[in-house]
Amino acid sequence: MQDTQTTESPSIPSRSSTSTQDRSSTVGQTLSSAPQPSKPTPIIPPLAKSTGPGSGSGVRRMRRIIAEDAEWSLAIVPLLTELCIQHIVKNFQNNPILKQLLPEHQKKVLNHLSPDLPLAVTANLIDDESYWRRCCTQRWPVCHVDNHGGSWKRMFFELHLENLLKHFIPNTTDPAVILNLLPLCRNYVRAIRVDQFLPPVQLPAPPRGGDQSDSGSEGEMEEPAMDHYQLDNLVAGLSHLEELDLVYGVKDCGMNFEWNLFLFTYRDCHSLAATVKACHTLKIFRLTRSKVDDDKARILIRSLLDHPALEELDLSHNLIGDRGARAAAKLLSHSRLRVLNLANNQVRAPGAHSLAHALGHNSNLISLNLRLNCIEDEGGQALAHALHTNKCLTTLHLGGNELSEPTATLLSQVLTINTTLTSINLSCNHIGLDGGKQLLEGMSDNKTLLEFDLRLSDIAQESEYLIGQALCANREAARQRALNPSHFMSPVTVKGPENPAG
């Protein structure tokens, strides 16, 4: 058997020689690991240069390096540029370097920067939208960047400022928390939308001596100061502010509910009036759900007279009556107001008369919203008369105002001659069957009205259907005019001047 193996595989060493080599190799490895420098490690001579399938010399010749560092790898060492970028990112907070880099290197740095860097470092240095997008999505799960002009950086600073305002507690929070942000956000904030203003913390009243009856104790207590954060210094520092949307109330108060939490005080009113008067860039002012009555509305509107930039005023969902509506009518004559919203207030016929008088001589207002008031037919007829001469109003909302057939009759006459109105809302009124027929007659001669809401107005289903068909025809004609404006030129332009001899 041994001779046969030798004959078939002459290149394979004998068992004794193999054992000797294994022992030598074992001894060599032992000696190499032992701390004896006087005995060098024996070198195994190369075996036969055999590449056959039975040869094991390739395994013994291959050497592997096992590093002591567990994180060490055989990967190529990074380029010096990459190492520099990593160093810049790591030390960006203490040594922000960005503008000096090439554009491609700047992009790499911005992609690796943390969104948690202090605003004092990033606010006026980084304009890259992708970085601010990461900052926004990390803080707010739902982001509507379209509500902030399509800019992620503007969105971040507006939401950050609004969050500070909503959680500011007078006499407790340091005002410097907000004012120190001004140098960083003054160039980016265009709108402030705050739906909550917290009042000061109420301390328990000190005990009084003597007996007090339960019925008189509450009336004799002095009302605590409930003034909210004053916006004057903040707004004065925002040189590009265009929109102010405020609600003086508290959200999620739970079992701590008190009516005083929703109190818009006179000091708040006077301070806000001075603030909006001094803000000459303000275009949109909304103060809703804040219990603004006639007196406070007059204070606010007086400060808006002859405002150089105001275009929209929204005082909906308040307690404004006829005196406040009269002040708003005066504002129409002393401003460039284009949108007025007094929905869900307490305006009645006298207030509607004042607005109608101003509307008849106005050339700027395009939208008037008086829904959920109570102007009744007297006020509705006054507004309809004003629309005979008004040539600028495009949207009129009179839903829920106790209107009936007399107002519908006058509005049907307006429809035959008015060419600027595109949207009318008379829903939730009592127009009735005859009123619906009157409006249908007016729509037969109208070619410009595109929306006419008559839901829950007690008109006949047939009248409502036919009015809807007329509106569809008007919308199709408007679409054709938008697609082919040259096809709908005036006859004088197309035919030329008439022949005087004819």
# chains A, B, ... in the order shown; residues from 1 in each chain; ligands from 1
>>> residues_around(residues="A:Glu104", least_positions_apart="6", cutoff="12 Å", atoms="only C-alpha atoms", output="PDB file with N, CA and C atoms, in the first residue's frame")
ATOM      1  N   THR A  81      -8.858  65.855   1.251  1.00  0.00           N
ATOM      2  CA  THR A  81     -10.040  66.722   1.180  1.00  0.00           C
ATOM      3  C   THR A  81     -11.151  66.197   2.078  1.00  0.00           C
ATOM      4  N   GLU A  82     -11.359  64.867   2.037  1.00  0.00           N
ATOM      5  CA  GLU A  82     -12.404  64.292   2.882  1.00  0.00           C
ATOM      6  C   GLU A  82     -12.058  64.444   4.359  1.00  0.00           C
ATOM      7  N   ILE A  85     -12.883  67.964   5.354  1.00  0.00           N
ATOM      8  CA  ILE A  85     -14.331  68.176   5.475  1.00  0.00           C
ATOM      9  C   ILE A  85     -14.842  67.582   6.778  1.00  0.00           C
ATOM     10  N   LEU A  98     -17.416  77.927   5.945  1.00  0.00           N
ATOM     11  CA  LEU A  98     -18.311  77.506   4.864  1.00  0.00           C
ATOM     12  C   LEU A  98     -18.120  78.332   3.604  1.00  0.00           C
ATOM     13  N   LEU A 110     -22.553  70.792   4.323  1.00  0.00           N
ATOM     14  CA  LEU A 110     -23.945  71.029   4.717  1.00  0.00           C
ATOM     15  C   LEU A 110     -24.715  69.718   4.871  1.00  0.00           C
ATOM     16  N   ASN A 111     -24.382  68.735   4.061  1.00  0.00           N
ATOM     17  CA  ASN A 111     -25.076  67.448   4.151  1.00  0.00           C
ATOM     18  C   ASN A 111     -24.749  66.693   5.442  1.00  0.00           C
TER      19      ASN A 111
END
>>> closest_atom_pairs(of="stretch 295-324 of chain A", to="stretch 263-272 of chain A", cutoff="10 Å", atoms="only C-alpha atoms", output="CSV")
residue,atom,partner,partner_atom,distance
A:Asp295,CA,A:Tyr266,CA,9.3
A:Lys296,CA,A:Cys269,CA,6.4
A:Ala297,CA,A:Cys269,CA,8.7
A:Ile299,CA,A:His270,CA,7.0
A:Leu300,CA,A:Cys269,CA,7.0
A:Ser303,CA,A:His270,CA,9.4
>>> write_last_selection(atoms="C-alpha atoms", output="tab-separated table (two decimals), in the first residue's frame")
chain	number	residue	atom	x	y	z
A	295	ASP	CA	-64.97	99.74	21.86
A	296	LYS	CA	-61.89	97.62	21.24
A	297	ALA	CA	-62.68	97.35	17.53
A	299	ILE	CA	-59.49	101.49	19.02
A	300	LEU	CA	-57.89	99.03	16.61
A	303	SER	CA	-54.96	103.01	14.35
>>> closest_residue(among="A:Val247, A:Ala478, A:Thr409, A:His397", to="A:Leu454", atoms="only C-alpha atoms")
A:His397
>>> residues_around(residues="A:Asn344", least_positions_apart="2", cutoff="6 Å", atoms="only C-alpha atoms", output="VMD selection string")
chain A and resid 316 to 317 372 to 373
>>> select_by_dssp(residues="stretch 248-478 of chain A", states="strand (DSSP E)", output="VMD selection string")
chain A and resid 284 to 287 312 to 314 339 to 341 367 to 369 395 to 397 423 to 425 451 to 453
>>> residues_around(residues="A:Ala236", least_positions_apart="5", cutoff="8 Å", atoms="only C-alpha atoms", output="list in words")
Thr275, Ala278 and Cys279 of chain A
>>> write_last_selection(atoms="N, CA and C atoms", output="short mmCIF file (atom, residue, chain, number, x, y, z; two decimals), in the first residue's frame")
data_model
loop_
_atom_site.label_atom_id
_atom_site.label_comp_id
_atom_site.auth_asym_id
_atom_site.auth_seq_id
_atom_site.Cartn_x
_atom_site.Cartn_y
_atom_site.Cartn_z
N THR A 275 -48.90 98.93 17.92
CA THR A 275 -47.98 98.05 17.20
C THR A 275 -48.30 98.00 15.72
N ALA A 278 -47.54 101.25 13.82
CA ALA A 278 -46.12 101.51 13.55
C ALA A 278 -45.53 100.56 12.52
N CYS A 279 -46.21 99.46 12.24
CA CYS A 279 -45.70 98.49 11.27
C CYS A 279 -46.18 98.87 9.87
#
>>> closest_residue(among="A:Asn418, A:Asn364, A:Thr172, A:Ser151", to="A:His334", atoms="only C-alpha atoms")
A:Asn364
>>> residues_around(residues="A:Asn446", least_positions_apart="6", cutoff="10 Å", atoms="only C-alpha atoms", output="list in words")
Ser412, Val414, Leu415, Thr416, Ile417, Asn418, Thr419, Leu421, Leu440, Ala470, Leu471 and Asn474 of chain A
>>> closest_residue(among="A:Phe157, A:Asn171, A:Ile320, A:Ala176", to="A:Val189", atoms="only C-alpha atoms")
A:Phe157
>>> select_by_dssp(residues="stretch 248-402 of chain A", states="helix (DSSP H, G or I)", output="MDAnalysis selection string")
chainID A and resid 254:256 259:262 266:278 294:304 322:333 349:360 376:386
>>> residues_around(residues="stretch 239-246 of chain A", least_positions_apart="4", cutoff="7 Å", atoms="only C-alpha atoms", output="PyMOL selection string")
chain A and resi 186-187+189-195+281-288
>>> closest_residue(among="A:Leu305, A:Pro199, A:Leu319, A:Asp314", to="A:Lys291", atoms="only C-alpha atoms")
A:Leu319
>>> decode(residues="stretch 418-450 of chain A", atoms="N, CA, C and O atoms", output="PDB file, in the first residue's frame")
ATOM      1  N   ASN A 418     -74.662  94.134 -12.946  1.00  0.00           N
ATOM      2  CA  ASN A 418     -73.319  94.072 -12.379  1.00  0.00           C
ATOM      3  C   ASN A 418     -72.449  93.104 -13.172  1.00  0.00           C
ATOM      4  O   ASN A 418     -72.863  91.985 -13.471  1.00  0.00           O
ATOM      5  N   THR A 419     -71.241  93.535 -13.499  1.00  0.00           N
ATOM      6  CA  THR A 419     -70.334  92.710 -14.306  1.00  0.00           C
ATOM      7  C   THR A 419     -69.038  92.383 -13.564  1.00  0.00           C
ATOM      8  O   THR A 419     -68.107  91.849 -14.177  1.00  0.00           O
ATOM      9  N   THR A 420     -68.967  92.676 -12.269  1.00  0.00           N
ATOM     10  CA  THR A 420     -67.746  92.394 -11.510  1.00  0.00           C
ATOM     11  C   THR A 420     -67.919  91.266 -10.506  1.00  0.00           C
ATOM     12  O   THR A 420     -66.946  90.582 -10.178  1.00  0.00           O
ATOM     13  N   LEU A 421     -69.121  91.052  -9.993  1.00  0.00           N
ATOM     14  CA  LEU A 421     -69.329  89.988  -9.010  1.00  0.00           C
ATOM     15  C   LEU A 421     -69.112  88.613  -9.648  1.00  0.00           C
ATOM     16  O   LEU A 421     -69.686  88.307 -10.691  1.00  0.00           O
ATOM     17  N   THR A 422     -68.300  87.805  -8.990  1.00  0.00           N
ATOM     18  CA  THR A 422     -68.070  86.436  -9.450  1.00  0.00           C
ATOM     19  C   THR A 422     -68.524  85.394  -8.438  1.00  0.00           C
ATOM     20  O   THR A 422     -68.633  84.218  -8.786  1.00  0.00           O
ATOM     21  N   SER A 423     -68.775  85.800  -7.177  1.00  0.00           N
ATOM     22  CA  SER A 423     -69.169  84.837  -6.152  1.00  0.00           C
ATOM     23  C   SER A 423     -70.125  85.496  -5.164  1.00  0.00           C
ATOM     24  O   SER A 423     -69.809  86.546  -4.599  1.00  0.00           O
ATOM     25  N   ILE A 424     -71.297  84.856  -4.955  1.00  0.00           N
ATOM     26  CA  ILE A 424     -72.281  85.319  -3.980  1.00  0.00           C
ATOM     27  C   ILE A 424     -72.703  84.126  -3.144  1.00  0.00           C
ATOM     28  O   ILE A 424     -72.931  83.028  -3.663  1.00  0.00           O
ATOM     29  N   ASN A 425     -72.828  84.337  -1.836  1.00  0.00           N
ATOM     30  CA  ASN A 425     -73.262  83.278  -0.928  1.00  0.00           C
ATOM     31  C   ASN A 425     -74.470  83.779  -0.145  1.00  0.00           C
ATOM     32  O   ASN A 425     -74.365  84.715   0.642  1.00  0.00           O
ATOM     33  N   LEU A 426     -75.621  83.138  -0.371  1.00  0.00           N
ATOM     34  CA  LEU A 426     -76.857  83.448   0.348  1.00  0.00           C
ATOM     35  C   LEU A 426     -77.371  82.227   1.105  1.00  0.00           C
ATOM     36  O   LEU A 426     -78.569  82.132   1.392  1.00  0.00           O
ATOM     37  N   SER A 427     -76.495  81.311   1.446  1.00  0.00           N
ATOM     38  CA  SER A 427     -76.918  80.078   2.102  1.00  0.00           C
ATOM     39  C   SER A 427     -77.457  80.358   3.501  1.00  0.00           C
ATOM     40  O   SER A 427     -77.161  81.385   4.119  1.00  0.00           O
ATOM     41  N   CYS A 428     -78.298  79.426   3.971  1.00  0.00           N
ATOM     42  CA  CYS A 428     -78.862  79.496   5.332  1.00  0.00           C
ATOM     43  C   CYS A 428     -79.667  80.776   5.540  1.00  0.00           C
ATOM     44  O   CYS A 428     -79.587  81.418   6.597  1.00  0.00           O
ATOM     45  N   ASN A 429     -80.428  81.165   4.552  1.00  0.00           N
ATOM     46  CA  ASN A 429     -81.365  82.273   4.661  1.00  0.00           C
ATOM     47  C   ASN A 429     -82.768  81.767   4.326  1.00  0.00           C
ATOM     48  O   ASN A 429     -82.985  80.562   4.166  1.00  0.00           O
ATOM     49  N   HIS A 430     -83.732  82.678   4.216  1.00  0.00           N
ATOM     50  CA  HIS A 430     -85.115  82.301   3.908  1.00  0.00           C
ATOM     51  C   HIS A 430     -85.548  82.969   2.602  1.00  0.00           C
ATOM     52  O   HIS A 430     -86.490  83.771   2.571  1.00  0.00           O
ATOM     53  N   ILE A 431     -84.857  82.648   1.538  1.00  0.00           N
ATOM     54  CA  ILE A 431     -85.140  83.272   0.248  1.00  0.00           C
ATOM     55  C   ILE A 431     -86.532  82.892  -0.237  1.00  0.00           C
ATOM     56  O   ILE A 431     -87.271  83.725  -0.760  1.00  0.00           O
ATOM     57  N   GLY A 432     -86.937  81.660  -0.084  1.00  0.00           N
ATOM     58  CA  GLY A 432     -88.279  81.223  -0.463  1.00  0.00           C
ATOM     59  C   GLY A 432     -88.409  80.904  -1.939  1.00  0.00           C
ATOM     60  O   GLY A 432     -87.500  81.112  -2.750  1.00  0.00           O
ATOM     61  N   LEU A 433     -89.592  80.389  -2.303  1.00  0.00           N
ATOM     62  CA  LEU A 433     -89.840  79.985  -3.693  1.00  0.00           C
ATOM     63  C   LEU A 433     -89.843  81.168  -4.640  1.00  0.00           C
ATOM     64  O   LEU A 433     -89.219  81.134  -5.711  1.00  0.00           O
ATOM     65  N   ASP A 434     -90.560  82.226  -4.270  1.00  0.00           N
ATOM     66  CA  ASP A 434     -90.620  83.400  -5.145  1.00  0.00           C
ATOM     67  C   ASP A 434     -89.258  84.073  -5.247  1.00  0.00           C
ATOM     68  O   ASP A 434     -88.875  84.572  -6.323  1.00  0.00           O
ATOM     69  N   GLY A 435     -88.540  84.133  -4.144  1.00  0.00           N
ATOM     70  CA  GLY A 435     -87.199  84.717  -4.204  1.00  0.00           C
ATOM     71  C   GLY A 435     -86.281  83.936  -5.118  1.00  0.00           C
ATOM     72  O   GLY A 435     -85.464  84.512  -5.841  1.00  0.00           O
ATOM     73  N   GLY A 436     -86.396  82.597  -5.103  1.00  0.00           N
ATOM     74  CA  GLY A 436     -85.598  81.786  -6.001  1.00  0.00           C
ATOM     75  C   GLY A 436     -85.916  82.061  -7.465  1.00  0.00           C
ATOM     76  O   GLY A 436     -85.015  82.096  -8.308  1.00  0.00           O
ATOM     77  N   LYS A 437     -87.198  82.272  -7.769  1.00  0.00           N
ATOM     78  CA  LYS A 437     -87.573  82.587  -9.157  1.00  0.00           C
ATOM     79  C   LYS A 437     -87.008  83.940  -9.582  1.00  0.00           C
ATOM     80  O   LYS A 437     -86.576  84.118 -10.723  1.00  0.00           O
ATOM     81  N   GLN A 438     -87.010  84.908  -8.650  1.00  0.00           N
ATOM     82  CA  GLN A 438     -86.447  86.215  -8.972  1.00  0.00           C
ATOM     83  C   GLN A 438     -84.948  86.097  -9.282  1.00  0.00           C
ATOM     84  O   GLN A 438     -84.457  86.705 -10.253  1.00  0.00           O
ATOM     85  N   LEU A 439     -84.237  85.329  -8.477  1.00  0.00           N
ATOM     86  CA  LEU A 439     -82.797  85.161  -8.718  1.00  0.00           C
ATOM     87  C   LEU A 439     -82.539  84.429 -10.024  1.00  0.00           C
ATOM     88  O   LEU A 439     -81.565  84.722 -10.732  1.00  0.00           O
ATOM     89  N   LEU A 440     -83.410  83.485 -10.377  1.00  0.00           N
ATOM     90  CA  LEU A 440     -83.258  82.770 -11.650  1.00  0.00           C
ATOM     91  C   LEU A 440     -83.414  83.733 -12.822  1.00  0.00           C
ATOM     92  O   LEU A 440     -82.675  83.645 -13.807  1.00  0.00           O
ATOM     93  N   GLU A 441     -84.376  84.665 -12.737  1.00  0.00           N
ATOM     94  CA  GLU A 441     -84.540  85.655 -13.801  1.00  0.00           C
ATOM     95  C   GLU A 441     -83.307  86.542 -13.932  1.00  0.00           C
ATOM     96  O   GLU A 441     -82.884  86.884 -15.046  1.00  0.00           O
ATOM     97  N   GLY A 442     -82.740  86.916 -12.783  1.00  0.00           N
ATOM     98  CA  GLY A 442     -81.528  87.730 -12.851  1.00  0.00           C
ATOM     99  C   GLY A 442     -80.354  86.974 -13.458  1.00  0.00           C
ATOM    100  O   GLY A 442     -79.547  87.549 -14.196  1.00  0.00           O
ATOM    101  N   MET A 443     -80.248  85.691 -13.180  1.00  0.00           N
ATOM    102  CA  MET A 443     -79.147  84.904 -13.721  1.00  0.00           C
ATOM    103  C   MET A 443     -79.259  84.704 -15.223  1.00  0.00           C
ATOM    104  O   MET A 443     -78.254  84.442 -15.891  1.00  0.00           O
ATOM    105  N   SER A 444     -80.458  84.815 -15.761  1.00  0.00           N
ATOM    106  CA  SER A 444     -80.621  84.621 -17.206  1.00  0.00           C
ATOM    107  C   SER A 444     -79.897  85.692 -18.005  1.00  0.00           C
ATOM    108  O   SER A 444     -79.536  85.454 -19.167  1.00  0.00           O
ATOM    109  N   ASP A 445     -79.662  86.863 -17.400  1.00  0.00           N
ATOM    110  CA  ASP A 445     -78.970  87.946 -18.104  1.00  0.00           C
ATOM    111  C   ASP A 445     -77.543  88.154 -17.597  1.00  0.00           C
ATOM    112  O   ASP A 445     -76.864  89.089 -18.021  1.00  0.00           O
ATOM    113  N   ASN A 446     -77.089  87.298 -16.694  1.00  0.00           N
ATOM    114  CA  ASN A 446     -75.758  87.472 -16.114  1.00  0.00           C
ATOM    115  C   ASN A 446     -74.772  86.512 -16.774  1.00  0.00           C
ATOM    116  O   ASN A 446     -75.064  85.336 -16.953  1.00  0.00           O
ATOM    117  N   LYS A 447     -73.591  87.041 -17.134  1.00  0.00           N
ATOM    118  CA  LYS A 447     -72.581  86.223 -17.803  1.00  0.00           C
ATOM    119  C   LYS A 447     -71.263  86.176 -17.026  1.00  0.00           C
ATOM    120  O   LYS A 447     -70.286  85.592 -17.522  1.00  0.00           O
ATOM    121  N   THR A 448     -71.214  86.767 -15.847  1.00  0.00           N
ATOM    122  CA  THR A 448     -69.942  86.854 -15.119  1.00  0.00           C
ATOM    123  C   THR A 448     -69.938  86.100 -13.793  1.00  0.00           C
ATOM    124  O   THR A 448     -68.873  85.756 -13.287  1.00  0.00           O
ATOM    125  N   LEU A 449     -71.094  85.833 -13.198  1.00  0.00           N
ATOM    126  CA  LEU A 449     -71.142  85.146 -11.910  1.00  0.00           C
ATOM    127  C   LEU A 449     -70.741  83.688 -12.080  1.00  0.00           C
ATOM    128  O   LEU A 449     -71.288  82.977 -12.924  1.00  0.00           O
ATOM    129  N   LEU A 450     -69.780  83.227 -11.246  1.00  0.00           N
ATOM    130  CA  LEU A 450     -69.264  81.868 -11.366  1.00  0.00           C
ATOM    131  C   LEU A 450     -69.674  80.976 -10.191  1.00  0.00           C
ATOM    132  O   LEU A 450     -69.706  79.754 -10.338  1.00  0.00           O
TER     133      LEU A 450
END
